[in-house]
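Asker: One file is attached below, data-v8.txt, containing compact mmCIF, C-alpha atoms.
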```
# COMPACT_ATOMS: atom_id res chain seq x y z
CA MET A 1 24.71 42.52 32.70
CA LYS A 2 21.23 41.16 33.28
CA LEU A 3 21.33 37.95 35.30
CA THR A 4 18.62 35.61 36.55
CA TYR A 5 18.92 33.72 39.81
CA GLU A 6 17.29 30.91 41.76
CA GLY A 7 17.73 30.38 45.47
CA PHE A 8 16.14 30.31 48.91
CA ASP A 9 15.26 33.02 51.39
CA SER A 10 15.99 32.87 55.12
CA SER A 11 12.86 30.81 55.75
CA GLY A 12 13.86 28.18 53.18
CA LYS A 13 11.29 29.25 50.55
CA ALA A 14 12.39 28.97 46.91
CA VAL A 15 12.75 32.35 45.19
CA SER A 16 13.84 33.48 41.72
CA GLY A 17 14.21 36.74 39.84
CA GLY A 18 16.57 39.02 37.97
CA ILE A 19 19.41 41.31 38.98
CA ASP A 20 21.89 43.64 37.25
CA ALA A 21 25.51 42.78 38.08
CA SER A 22 28.87 42.58 36.36
CA ASP A 23 29.22 38.84 37.00
CA ALA A 24 27.77 35.95 38.96
CA ARG A 25 30.05 36.53 41.97
CA GLU A 26 28.87 40.12 42.41
CA ALA A 27 25.25 39.02 42.00
CA GLY A 28 25.70 36.35 44.67
CA GLU A 29 27.22 38.81 47.15
CA ARG A 30 24.45 41.37 46.62
CA LEU A 31 21.73 38.78 46.99
CA ARG A 32 23.36 37.36 50.11
CA LYS A 33 23.19 40.79 51.73
CA GLN A 34 19.47 40.77 50.94
CA GLY A 35 19.05 37.47 52.81
CA ILE A 36 18.82 35.32 49.67
CA PHE A 37 21.01 32.23 49.38
CA VAL A 38 21.65 31.64 45.68
CA SER A 39 21.65 28.13 44.21
CA SER A 40 22.23 29.17 40.57
CA VAL A 41 22.95 32.33 38.58
CA SER A 42 22.73 32.49 34.79
CA VAL A 43 22.73 35.07 32.03
CA ALA A 44 19.25 36.30 31.22
CA GLN A 45 17.62 34.92 28.08
CA GLY A 46 18.82 36.74 25.00
CA ALA A 47 22.13 37.83 26.53
CA GLU A 48 25.40 36.09 25.84
CA ARG A 49 23.83 33.05 24.20
CA GLY A 50 27.26 31.73 23.34
CA LYS A 51 28.27 31.45 26.98
CA SER A 52 25.02 29.75 27.86
CA ALA A 53 25.44 27.21 25.09
CA ALA A 54 29.03 26.58 26.13
CA GLY A 55 27.88 25.94 29.68
CA LYS A 56 25.31 23.41 28.52
CA ARG A 57 27.88 21.65 26.38
CA SER A 58 30.33 21.51 29.27
CA ARG A 59 27.72 19.90 31.50
CA GLY A 60 27.04 17.35 28.80
CA ARG A 61 30.76 16.50 28.62
CA ALA A 62 31.23 16.23 32.39
CA PRO A 63 32.55 12.62 32.39
CA LYS A 64 35.03 13.39 29.61
CA ARG A 65 36.10 16.62 31.30
CA LEU A 66 36.71 14.80 34.58
CA GLN A 67 38.86 12.21 32.81
CA ASN A 68 40.86 14.92 31.06
CA VAL A 69 41.42 16.87 34.28
CA SER A 70 42.54 13.71 36.08
CA MET A 71 45.16 12.92 33.45
CA PHE A 72 46.20 16.56 33.10
CA THR A 73 46.77 17.15 36.83
CA ARG A 74 48.54 13.82 37.28
CA GLN A 75 51.02 14.42 34.45
CA LEU A 76 51.53 18.07 35.37
CA SER A 77 52.26 17.15 39.00
CA MET A 78 54.94 14.65 37.91
CA LEU A 79 56.57 17.24 35.66
CA CYS A 80 56.50 19.89 38.41
CA VAL A 81 57.98 17.46 40.96
CA ALA A 82 60.79 16.79 38.48
CA GLY A 83 61.56 20.53 38.43
CA THR A 84 60.14 21.34 34.99
CA PRO A 85 59.05 25.00 34.68
CA ILE A 86 55.29 25.35 34.44
CA VAL A 87 55.33 26.77 30.90
CA GLN A 88 57.51 23.96 29.59
CA ALA A 89 55.36 21.40 31.40
CA LEU A 90 52.20 22.79 29.80
CA ALA A 91 53.89 22.79 26.39
CA ALA A 92 54.86 19.14 26.85
CA LEU A 93 51.30 18.20 27.77
CA GLU A 94 50.00 20.13 24.79
CA ARG A 95 52.27 18.17 22.44
CA GLN A 96 51.11 14.86 23.94
CA THR A 97 47.40 15.66 23.59
CA LYS A 98 45.43 14.76 20.48
CA GLU A 99 43.94 17.44 18.28
CA GLY A 100 40.69 18.80 19.67
CA SER A 101 39.15 21.20 22.14
CA TRP A 102 41.15 19.83 25.08
CA ARG A 103 44.47 20.51 23.32
CA GLU A 104 43.24 23.99 22.42
CA ALA A 105 42.37 24.58 26.08
CA ILE A 106 45.85 23.54 27.25
CA GLY A 107 47.39 25.77 24.58
CA ALA A 108 45.27 28.73 25.69
CA VAL A 109 46.26 28.16 29.32
CA ARG A 110 49.94 27.93 28.37
CA GLY A 111 49.67 31.17 26.39
CA ARG A 112 48.20 33.09 29.31
CA VAL A 113 50.80 31.71 31.72
CA GLU A 114 53.53 32.87 29.32
CA GLU A 115 51.96 36.33 29.45
CA GLY A 116 52.39 36.41 33.23
CA ALA A 117 49.09 35.05 34.55
CA SER A 118 49.00 32.42 37.25
CA LEU A 119 47.84 28.92 36.34
CA ALA A 120 44.52 29.39 38.14
CA GLN A 121 43.92 32.73 36.42
CA ALA A 122 44.73 31.20 33.04
CA MET A 123 42.20 28.43 33.65
CA GLU A 124 39.43 30.92 34.38
CA ALA A 125 39.18 31.66 30.66
CA ARG A 126 38.29 27.99 30.07
CA PRO A 127 35.48 27.22 32.55
CA ALA A 128 34.11 24.51 30.25
CA HIS A 129 37.33 22.51 30.74
CA PHE A 130 38.43 23.55 34.25
CA ASP A 131 35.64 23.85 36.81
CA SER A 132 35.61 26.15 39.82
CA VAL A 133 36.84 23.43 42.20
CA THR A 134 39.88 22.73 40.03
CA ARG A 135 40.71 26.42 39.74
CA SER A 136 40.29 27.04 43.46
CA LEU A 137 42.53 24.14 44.50
CA ILE A 138 45.23 25.14 42.04
CA GLY A 139 44.97 28.75 43.17
CA ALA A 140 45.40 27.63 46.79
CA GLY A 141 48.41 25.53 45.82
CA GLU A 142 50.03 28.46 44.01
CA ALA A 143 49.36 30.83 46.91
CA GLY A 144 50.88 28.42 49.42
CA GLY A 145 53.82 27.39 47.24
CA GLN A 146 52.54 23.80 47.18
CA LEU A 147 51.40 23.49 43.56
CA PRO A 148 52.85 19.97 42.91
CA ALA A 149 51.25 18.59 46.08
CA MET A 150 47.95 20.27 45.26
CA LEU A 151 48.02 18.86 41.72
CA GLN A 152 48.54 15.38 43.17
CA ARG A 153 45.64 15.91 45.57
CA LEU A 154 43.42 17.14 42.73
CA SER A 155 44.42 14.18 40.57
CA ALA A 156 43.55 11.75 43.37
CA LEU A 157 40.18 13.49 43.86
CA SER A 158 39.25 13.29 40.17
CA ARG A 159 40.41 9.66 39.93
CA GLN A 160 38.24 8.73 42.91
CA GLN A 161 35.25 10.49 41.35
CA LEU A 162 35.86 8.58 38.12
CA HIS A 163 36.11 5.32 40.06
CA VAL A 164 32.75 5.93 41.75
CA ARG A 165 31.16 6.95 38.44
CA HIS A 166 32.44 3.80 36.72
CA ALA A 167 31.23 1.64 39.62
CA VAL A 168 27.72 3.07 39.33
CA LEU A 169 27.67 2.80 35.53
CA GLY A 170 29.08 -0.73 35.70
CA ALA A 171 26.29 -1.80 38.04
CA MET A 172 23.69 -0.33 35.66
CA THR A 173 25.11 -1.44 32.32
CA TYR A 174 24.27 -5.14 32.32
CA PRO A 175 20.69 -4.73 33.62
CA SER A 176 20.11 -1.98 31.05
CA VAL A 177 21.39 -4.18 28.23
CA LEU A 178 19.12 -7.01 29.35
CA MET A 179 16.11 -4.70 29.41
CA VAL A 180 16.87 -3.43 25.90
CA ILE A 181 17.21 -7.02 24.66
CA ALA A 182 13.89 -7.96 26.28
CA VAL A 183 12.06 -5.09 24.60
CA ASN A 184 13.64 -5.82 21.21
CA VAL A 185 12.79 -9.54 21.44
CA LEU A 186 9.18 -8.76 22.34
CA VAL A 187 8.82 -6.28 19.47
CA LEU A 188 10.36 -8.68 16.95
CA MET A 189 8.04 -11.47 18.01
CA LEU A 190 4.98 -9.24 17.80
CA VAL A 191 5.88 -7.73 14.43
CA PHE A 192 7.50 -10.60 12.53
CA VAL A 193 6.81 -13.95 14.23
CA LEU A 194 3.17 -13.69 15.30
CA PRO A 195 1.85 -12.72 11.83
CA ARG A 196 3.16 -16.08 10.48
CA PHE A 197 1.19 -17.92 13.15
CA ALA A 198 -1.87 -15.75 12.52
CA GLU A 199 -2.04 -16.93 8.90
CA MET A 200 -1.80 -20.55 10.02
CA PHE A 201 -4.47 -20.15 12.70
CA GLU A 202 -6.82 -18.55 10.17
CA SER A 203 -6.34 -21.44 7.71
CA LEU A 204 -7.06 -23.99 10.46
CA ASP A 205 -10.06 -22.04 11.70
CA ALA A 206 -9.24 -23.12 15.25
CA PRO A 207 -10.51 -21.25 18.34
CA LEU A 208 -7.79 -19.15 20.00
CA PRO A 209 -7.10 -18.97 23.74
CA PRO A 210 -7.56 -15.50 25.30
CA THR A 211 -3.82 -14.87 25.66
CA THR A 212 -3.17 -15.79 22.02
CA ALA A 213 -6.04 -13.60 20.83
CA MET A 214 -4.68 -10.69 22.89
CA LEU A 215 -1.21 -11.02 21.38
CA MET A 216 -2.64 -11.31 17.89
CA ALA A 217 -4.67 -8.14 18.39
CA ALA A 218 -1.59 -6.30 19.68
CA SER A 219 0.46 -7.50 16.71
CA GLU A 220 -2.22 -6.45 14.24
CA PHE A 221 -2.52 -3.02 15.86
CA ILE A 222 1.24 -2.38 15.77
CA ARG A 223 1.57 -3.47 12.13
CA SER A 224 -1.48 -1.55 10.90
CA GLN A 225 -0.92 1.61 12.95
CA TRP A 226 2.88 1.66 13.07
CA PRO A 227 3.24 5.31 11.92
CA TRP A 228 1.08 6.43 14.83
CA VAL A 229 2.86 4.11 17.24
CA VAL A 230 6.28 5.38 16.18
CA GLY A 231 5.06 8.97 16.26
CA ALA A 232 3.66 8.51 19.77
CA LEU A 233 6.94 6.99 20.99
CA VAL A 234 8.96 9.85 19.46
CA ALA A 235 6.61 12.42 20.98
CA VAL A 236 6.92 10.79 24.41
CA ALA A 237 10.72 10.70 24.09
CA VAL A 238 10.96 14.34 22.99
CA GLY A 239 8.52 15.46 25.66
CA GLY A 240 10.39 13.47 28.30
CA VAL A 241 13.73 15.02 27.33
CA ALA A 242 12.22 18.53 27.34
CA PHE A 243 10.63 17.93 30.73
CA PHE A 244 13.80 16.54 32.30
CA LYS A 245 15.75 19.55 31.05
CA SER A 246 13.29 21.96 32.68
CA SER A 247 13.45 23.11 36.28
CA GLN A 248 10.39 21.01 37.15
CA GLY A 249 12.03 17.99 35.56
CA ARG A 250 15.20 18.54 37.54
CA VAL A 251 13.17 18.67 40.75
CA ALA A 252 11.38 15.45 39.78
CA ILE A 253 14.60 13.61 38.88
CA ASP A 254 16.53 14.77 41.95
CA THR A 255 13.64 13.90 44.24
CA MET A 256 13.09 10.48 42.67
CA MET A 257 16.81 9.78 42.87
CA ILE A 258 16.96 10.10 46.66
CA ARG A 259 13.41 9.00 47.58
CA THR A 260 13.08 5.75 45.63
CA PRO A 261 12.90 2.80 48.04
CA ARG A 262 16.18 0.88 48.32
CA PHE A 263 17.84 2.76 45.47
CA GLY A 264 17.31 6.14 47.16
CA ALA A 265 19.48 5.14 50.12
CA ILE A 266 22.29 4.12 47.75
CA ALA A 267 22.01 7.40 45.83
CA ARG A 268 22.09 9.43 49.05
CA ASN A 269 25.19 7.58 50.26
CA VAL A 270 26.98 8.07 46.93
CA LEU A 271 26.15 11.79 46.86
CA SER A 272 27.09 12.14 50.54
CA ALA A 273 30.49 10.52 49.98
CA ARG A 274 31.15 12.79 47.02
CA MET A 275 30.13 15.91 48.93
CA ILE A 276 32.13 15.30 52.10
CA ARG A 277 35.20 14.15 50.13
CA LEU A 278 35.17 17.34 48.09
CA LEU A 279 34.58 19.46 51.17
CA GLY A 280 37.35 17.67 53.02
CA VAL A 281 39.84 18.21 50.19
CA LEU A 282 38.96 21.91 50.00
CA VAL A 283 39.28 22.41 53.76
CA GLU A 284 42.59 20.52 53.84
CA ALA A 285 43.79 22.85 51.07
CA LYS A 286 43.26 25.79 53.48
CA ILE A 287 40.39 27.21 51.45
CA PRO A 288 38.03 29.23 53.70
CA LEU A 289 35.09 27.14 54.88
CA LEU A 290 32.43 29.43 53.38
CA GLU A 291 34.14 29.37 50.00
CA ALA A 292 34.59 25.60 50.24
CA ILE A 293 30.88 25.12 50.95
CA GLY A 294 30.02 27.35 48.00
CA LEU A 295 32.24 25.30 45.69
CA CYS A 296 30.68 22.07 46.95
CA ARG A 297 27.24 23.53 46.36
CA ALA A 298 28.08 24.26 42.74
CA ALA A 299 29.26 20.65 42.26
CA ALA A 300 26.58 18.95 44.40
CA GLY A 301 24.72 17.37 41.46
CA ASN A 302 21.38 17.29 43.31
CA MET A 303 19.15 20.20 44.26
CA HIS A 304 18.33 18.72 47.67
CA PHE A 305 22.03 18.53 48.53
CA GLU A 306 22.43 22.08 47.19
CA ALA A 307 19.70 23.26 49.58
CA LEU A 308 21.43 21.37 52.40
CA LEU A 309 24.71 23.14 51.67
CA ILE A 310 22.91 26.48 51.50
CA ARG A 311 21.63 25.89 55.04
CA ALA A 312 25.14 24.91 56.11
CA GLU A 313 26.52 28.08 54.53
CA ASP A 314 23.93 30.14 56.36
CA ALA A 315 24.79 28.44 59.66
CA VAL A 316 28.52 29.08 59.25
CA THR A 317 27.80 32.72 58.34
CA ARG A 318 25.89 33.11 61.63
CA GLY A 319 28.71 31.44 63.56
CA GLU A 320 26.78 28.25 64.27
CA PRO A 321 28.14 24.70 63.90
CA MET A 322 27.87 23.32 60.39
CA CYS A 323 26.92 19.85 61.65
CA ASP A 324 23.52 21.07 62.91
CA ALA A 325 22.57 22.26 59.43
CA LEU A 326 23.89 19.12 57.75
CA SER A 327 21.89 16.86 60.05
CA SER A 328 18.65 18.81 59.55
CA GLY A 329 17.93 17.56 56.03
CA LYS A 330 18.15 13.82 56.85
CA LEU A 331 20.13 13.34 53.64
CA LEU A 332 23.45 12.43 55.22
CA PRO A 333 23.88 9.20 57.19
CA PRO A 334 23.88 9.75 60.98
CA ASN A 335 27.49 8.58 61.29
CA VAL A 336 28.58 11.27 58.83
CA CYS A 337 26.83 14.01 60.81
CA GLU A 338 28.40 12.73 64.02
CA ALA A 339 31.84 12.62 62.39
CA VAL A 340 31.46 16.22 61.20
CA ARG A 341 30.41 17.24 64.70
CA ASN A 342 33.51 15.63 66.19
CA GLY A 343 35.70 17.12 63.48
CA GLU A 344 34.43 20.62 64.20
CA ALA A 345 35.00 20.13 67.92
CA SER A 346 38.58 18.88 67.43
CA GLY A 347 39.52 21.26 64.60
CA GLN A 348 40.27 18.33 62.28
CA ILE A 349 37.18 18.54 60.09
CA GLY A 350 39.07 18.06 56.81
CA THR A 351 40.83 14.90 57.95
CA VAL A 352 37.64 13.48 59.47
CA MET A 353 35.67 14.13 56.27
CA LEU A 354 38.25 12.44 54.08
CA SER A 355 38.32 9.39 56.34
CA MET A 356 34.54 9.17 56.36
CA ALA A 357 34.44 9.54 52.58
CA GLU A 358 36.81 6.57 52.23
CA PHE A 359 34.55 4.50 54.48
CA LEU A 360 31.41 5.47 52.54
CA ASP A 361 33.03 4.78 49.16
CA GLU A 362 34.05 1.28 50.23
CA ASP A 363 30.60 0.59 51.65
CA ASN A 364 28.90 1.94 48.52
CA GLU A 365 31.04 -0.21 46.24
CA VAL A 366 30.11 -3.35 48.18
CA THR A 367 26.42 -2.37 48.11
CA LEU A 368 26.48 -1.72 44.36
CA ARG A 369 28.08 -5.08 43.67
CA ALA A 370 25.54 -6.88 45.82
CA LEU A 371 22.66 -5.01 44.18
CA SER A 372 23.97 -5.79 40.72
CA SER A 373 24.28 -9.50 41.58
CA ILE A 374 20.62 -9.49 42.66
CA ILE A 375 19.22 -7.44 39.78
CA GLU A 376 20.91 -9.40 36.97
CA PRO A 377 19.27 -12.80 37.67
CA LEU A 378 15.98 -11.06 38.45
CA ILE A 379 15.94 -9.41 35.02
CA LEU A 380 16.88 -12.72 33.40
CA VAL A 381 13.91 -14.37 35.12
CA VAL A 382 11.56 -11.59 33.97
CA LEU A 383 12.97 -11.79 30.43
CA GLY A 384 12.49 -15.55 30.38
CA ALA A 385 8.95 -15.21 31.71
CA VAL A 386 8.01 -12.69 29.02
CA VAL A 387 9.50 -14.72 26.18
CA GLY A 388 7.99 -17.91 27.60
CA PHE A 389 4.55 -16.29 27.85
CA VAL A 390 4.68 -15.21 24.20
CA ALA A 391 5.97 -18.58 23.03
CA LEU A 392 3.37 -20.49 25.02
CA SER A 393 0.60 -18.26 23.69
CA MET A 394 1.71 -19.03 20.14
CA PHE A 395 1.96 -22.78 20.55
CA LEU A 396 -1.04 -23.32 22.84
CA PRO A 397 -3.57 -23.39 19.93
CA LEU A 398 -1.40 -26.01 18.21
CA PHE A 399 -1.48 -28.14 21.32
CA ASP A 400 -5.29 -27.86 21.44
CA LEU A 401 -5.55 -28.74 17.74
CA THR A 402 -3.33 -31.79 18.24
CA ALA A 403 -5.45 -32.96 21.15
CA MET A 404 -8.60 -32.61 19.04
CA THR A 405 -7.20 -34.77 16.25
CA GLN A 406 -6.14 -37.59 18.57
CA PRO A 407 -8.44 -40.69 18.80
CA GLY A 408 -10.80 -40.25 21.70
CA GLY A 409 -10.21 -36.50 21.77
CA PRO A 410 -13.01 -33.99 22.08
CA ALA A 411 -15.27 -33.78 19.07
```
Can you give me the file's structure in the form of structure tokens?
Answerer:
Amino acid sequence: MKLTYEGFDSSGKAVSGGIDASDAREAGERLRKQGIFVSSVSVAQGAERGKSAAGKRSRGRAPKRLQNVSMFTRQLSMLCVAGTPIVQALAALERQTKEGSWREAIGAVRGRVEEGASLAQAMEARPAHFDSVTRSLIGAGEAGGQLPAMLQRLSALSRQQLHVRHAVLGAMTYPSVLMVIAVNVLVLMLVFVLPRFAEMFESLDAPLPPTTAMLMAASEFIRSQWPWVVGALVAVAVGGVAFFKSSQGRVAIDTMMIRTPRFGAIARNVLSARMIRLLGVLVEAKIPLLEAIGLCRAAAGNMHFEALLIRAEDAVTRGEPMCDALSSGKLLPPNVCEAVRNGEASGQIGTVMLSMAEFLDEDNEVTLRALSSIIEPLILVVLGAVVGFVALSMFLPLFDLTAMTQPGGPA
């Protein structure tokens, strides 16, 4: 199979190319022997288009998939603790699930388990519904005879990820709604309200203040050239979506996410908490450190954190401490790097990472709430200023006309 890859060489330089391999795992191993640390492997263009499309759809449904996995692992763990055989437990979950792709996935997993496959092996046929982290943790639980406990741990991990996601979205929702309202109000006033005033000003033949004249010109332009205006907006939206889906767009988004003043620090802390929590759970599940780092790299969600984990993977491969590589990128907070250093020295790296992740999540939640409480009134003030500016510009000529008609007013 022809595969394409992107990654970094030993000097940290970005490289890409093609390779013939049976699957992504074999390609990664061969490239690693060549001194290339792979960040992504995909099927070459024109080969297995169905798998590529399925992968894109699964990324688009990531929040829904995470919610499904959380509920699935939680219910399955309760059934397993109660002594229900795995096949019967899967059948019960299948009956409880609504019609759709998720129910089909559970049914497919149940069918393969009935045929003799392990639960982790059965999930490998449904990568769009069960990611590599989920499969690895379940495989570790099956190998160690601790499947119910591992399901509970996986359920807690997915619930925490959902909680952080909802906290971030909750902090962004109200400001976003206010911004949409502000834009809609401004457009409505320019398109429908100002033309009424324009007719009145023309009939009165009164001189217009500069701000009023500017708004009138903008209103006239939008109404007379609206097909071009709409076309330009659509073109910008389509071009923006295409750019953000490209590799250059991903670099731009990931860089802006962690480099923006104020907001970049919050994004780095959120991504750091997610990364060390996932790594801590994997290490506590007795998954080899190199494999755990590789799984975290696939779920990093930011190319800069992926590069950081690649350097950590390289350091562990050479027998060096992981903390030195993690502290080199200046992405993780200093206290996290110090905690990892202490965890490696004491042999309790998994426990230390989980404790630090709890601390970061609590701190991030407080920061997001404080930021939201500051942004909301700020947007309201800006919205009021914009609407007030437009309203004042519309009524200012009327005030001047009234002053001119008063006794003793200017001639």
Asker: Which of these, A:Ala218, A:Val183, A:Ala298, A:Ile276, has the shortest distance to Cys323 (chain A) once you count all atoms listed in the file?
Answerer: A:Ile276
Asker: To one decimal in Å, tell me the separation between CA of Val234 (chain A) and CA of Met256 (chain A).
Answerer: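 Pair CA of Val234 (chain A) / CA of Met256 (chain A) returns 23.6 Å.
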Asker: Quote the spacing between CA of Ala325 (chain A) and CA of Arg262 (chain A) in Å to one decimal place.
Answerer: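 Computing it gives 24.9 Å between the two atoms.
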Asker: Nearest residue to Met257 (chain A) out of A:Thr173, A:Ser393, A:Asn302, A:Thr134, using all atoms listed in the file?
Answerer: A:Asn302
Asker: Quick check, in Å to one decimal: how far apart do CA of Val81 (chain A) and CA of Ile138 (chain A) lie?
Answerer: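 Taking CA of Val81 (chain A) as the start and CA of Ile138 (chain A) as the end point, the length is 14.9 Å.
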Asker: Give the answer as one residue: which of A:Ile258, A:Leu282, A:Val191, A:Val386 has the shortest atom-to-atom distance to Arg135 (chain A), using all atoms listed in the file?
Answerer: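 Using all atoms listed in the file, Arg135 (chain A) sits closest to A:Leu282.
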Asker: Please determine, counting only C-alpha atoms, which residue among A:Leu368, A:Ala299, A:Leu3, A:Val387 has the shortest atom-to-atom distance to Leu169 (chain A).
Answerer: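 Closest to Leu169 (chain A) of all the choices is A:Leu368.
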Asker: Of the residues A:Arg110, A:Arg74, A:Arg103, A:Arg311, which is the one nearest to Leu147 (chain A), using all atoms listed in the file?
Answerer: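 Nearest to Leu147 (chain A): A:Arg74.
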Asker: Skipping near chain neighbours, those fewer than 6 positions away, what residues fall within 9 Å of Gln67 (chain A) using all atoms listed in the file, listed as an NGL selection string?
Answerer: :A and (158-159 or 162)
Asker: What residues have an atom no more than 8 Å from (-3.0, -22.5, 17.9) in the file's own frame, counting all atoms listed in the file, and can you write them as a VMD selection string?
Answerer: chain A and resid 197 201 206 to 209 212 394 to 401
Asker: Between A:Phe244, A:Ile19, A:Val390, A:Pro334, which residue has the minimum interatomic distance to Met216 (chain A), considering only C-alpha atoms?
Answerer: A:Val390
Asker: I'd like the neighbourhood of Glu220 (chain A) as a ChimeraX atom specification, where a residue qualifies if any of its atoms comes within 10 Å (using all atoms listed in the file), though same-chain residues fewer than 6 positions away should be ignored.
Answerer: /A:190-191,194-195,198,214,226
Asker: Which residues come within 8 Å of region 372-377 of chain A, counting all atoms listed in the file, excluding same-chain residues fewer than 3 positions away, as a PyMOL selection string?
Answerer: chain A and resi 171-172+174-175+368-369+380-381
